[in-house]
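**Student:** After the structure tokens below, expect a handful of questions from me.
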Amino acid sequence: MLKLIEETRAVSESELQVNNITPYHVTKSHCEQIVKSGYYDQLKYIVEPSIREFDGPGTLHRSGEHDNTVVPGLQHKYAQNGILLVTERCGSYCRYCLRKRIVGKVSDEIAPDFGRVAQYIARHPETTNVLLSGGDPFVLSTSNLNKTVDHLLPIEHLKSIRLGTKMLAYAPERFDESALSALVQRIHRAGKSPIIIAHFDHVGEISSGAERKVRALRLRNCTPCARSSLKSTMIPEILAATFAKCHEIGVRPYYLFQARPVKGGSHFQVALGRGLEMVACICGTTRIKFPRRWVRSFPDRTSRQPAGWMICPNNEICRTPSSATNMERLRYARRPTKDIQVEPPAAALGRQR
Ligand code: SF4
């Protein structure tokens, strides 16, 4: 029997496999947090399976990640960024995950040879940062993370190591470990910026434990940045409260991601027009420096600019005329502008330390 949000029903193993249903797993601390937060009715959509996962449209490969994979486990889509898949496991599994093809499964997309990854990056001086991703790198032991970092730290042109994680929401106790603190210090001493890309979708996910861990990370020269994704289940005022809370505890708002219609998660997708309304509402209810850009990604190497509109540093929303074709929007989005930056400016990161 599988407990879905809408009903409990008998589901066979083969039905789960045919529909590529992401495993249901939520950490104990997060189960407690979503009830304690008072937001269970909203937070349940993030981690509890829905009947809509079985019959939704879309494909598992929405991002062209295979096309951008340059050595096993390493994607190189934008010149300065490498994305390194280090695990297919996560603390809990988000129902909207864009890597549903990988997470909670056995995947051959995880990097098997970090030496080969490092050789590629060393030959590409334009690559200034690597994002450890997956899956969630913080489900790995710190000793395994150290082994990965061993290969990256000697590369001089790498300026930052980013670690994408939702474990601050799902299992903040993971960040208690003193060895983890040593890892962060090690990256810092090697002359690279250790940056935690903390994935928070809802203010109710930010527990007092998460807040303490964020403050501790900041004391160790580690810059936490917040990443969220727009979802149909989101209430704009709540997302605004989430960014405001991040700002309050010292997590720099970094970016807001437009979810893709990945198979099994397409019911979370927000139409561009609705997304624009949501972002306008968020900008109108916060006075904080908001994410510099709202990114809509395209599955090729050159187009990580938004599809027609984005959040600018002055909180204005720019957009192409509503009559524009998709190609015109794309050309507009690709125009050279100082406002579009893929990396957080080093000066801004410096100010946070
Ligand atoms: S933690 Fe990240 S990788 Fe894992 S299921 Fe959630 S969104 Fe996907």
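In the structure tokens, chains take the letters A, B, ... in the order shown, each chain's residues start at 1, and ligands count up from 1 in the order shown.
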Using only C-alpha atoms and all ligand atoms, which residues of chain A come within 10 Å of ligand 1, and what is the closest atom pair for each, with the distance in Å to one decimal? Give it as a Markdown table, sorted by chain and residue number.

**Tutor:**
| residue | atom | partner | partner_atom_place_in_ligand_line | distance |
| --- | --- | --- | --- | --- |
| A:Thr22 | CA | ligand 1 | 5 (S) | 8.4 |
| A:Pro23 | CA | ligand 1 | 5 (S) | 9.5 |
| A:His25 | CA | ligand 1 | 5 (S) | 9.8 |
| A:Ile46 | CA | ligand 1 | 6 (Fe) | 8.6 |
| A:Val47 | CA | ligand 1 | 6 (Fe) | 8.6 |
| A:Leu85 | CA | ligand 1 | 3 (S) | 9.8 |
| A:Thr87 | CA | ligand 1 | 3 (S) | 9.1 |
| A:Glu88 | CA | ligand 1 | 3 (S) | 7.7 |
| A:Arg89 | CA | ligand 1 | 4 (Fe) | 6.8 |
| A:Cys90 | CA | ligand 1 | 4 (Fe) | 4.6 |
| A:Gly91 | CA | ligand 1 | 1 (S) | 6.7 |
| A:Ser92 | CA | ligand 1 | 1 (S) | 6.4 |
| A:Tyr93 | CA | ligand 1 | 5 (S) | 4.0 |
| A:Cys94 | CA | ligand 1 | 6 (Fe) | 4.1 |
| A:Arg95 | CA | ligand 1 | 5 (S) | 6.8 |
| A:Tyr96 | CA | ligand 1 | 7 (S) | 7.0 |
| A:Cys97 | CA | ligand 1 | 8 (Fe) | 4.1 |
| A:Leu98 | CA | ligand 1 | 8 (Fe) | 6.4 |
| A:Arg99 | CA | ligand 1 | 8 (Fe) | 5.9 |
| A:Lys100 | CA | ligand 1 | 8 (Fe) | 7.0 |
| A:Arg101 | CA | ligand 1 | 8 (Fe) | 9.9 |
| A:Ile102 | CA | ligand 1 | 3 (S) | 8.5 |
| A:Val103 | CA | ligand 1 | 5 (S) | 6.1 |
| A:Gly104 | CA | ligand 1 | 5 (S) | 8.0 |
| A:Ser133 | CA | ligand 1 | 3 (S) | 7.2 |
| A:Gly134 | CA | ligand 1 | 3 (S) | 5.5 |
| A:Gly135 | CA | ligand 1 | 3 (S) | 4.0 |
| A:Asp136 | CA | ligand 1 | 4 (Fe) | 5.5 |
| A:Pro137 | CA | ligand 1 | 3 (S) | 9.1 |
| A:Phe138 | CA | ligand 1 | 1 (S) | 9.8 |
| A:Val139 | CA | ligand 1 | 1 (S) | 9.9 |
| A:Gly164 | CA | ligand 1 | 2 (Fe) | 7.7 |
| A:Thr165 | CA | ligand 1 | 1 (S) | 6.3 |
| A:Lys166 | CA | ligand 1 | 1 (S) | 5.0 |
| A:Met167 | CA | ligand 1 | 1 (S) | 7.3 |
| A:Ala169 | CA | ligand 1 | 1 (S) | 9.3 |
| A:Tyr170 | CA | ligand 1 | 1 (S) | 8.4 |
| A:Ala198 | CA | ligand 1 | 2 (Fe) | 9.9 |
| A:His199 | CA | ligand 1 | 2 (Fe) | 7.6 |
| A:Phe200 | CA | ligand 1 | 1 (S) | 9.9 |
| A:Asp201 | CA | ligand 1 | 7 (S) | 9.9 |
| A:Ser228 | CA | ligand 1 | 7 (S) | 9.6 |
| A:Ser229 | CA | ligand 1 | 7 (S) | 9.2 |

**Student:** DSSP on the backbone: which residues in region 49-240 of chain A end up as helix (DSSP H, G or I)? Give the answer as a ChimeraX atom specification.

**Tutor:** /A:51-53,114-122,137-139,142-152,167-170,172-176,178-189,203-205,208-219,236-240

**Student:** Considering only C-alpha atoms, can you say which of A:Ala171, A:Cys281, A:Ala244, A:Leu180 comes closest to Ser208 (chain A)?

**Tutor:**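 Closest candidate: A:Ala171.
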
**Student:** When distances are computed from only C-alpha atoms, which of A:Cys246, A:Ile5, A:Ile195, A:Ile282 shows the smallest separation from Asp41 (chain A)?

**Tutor:**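 The answer is A:Ile5, which sits nearest to Asp41 (chain A).
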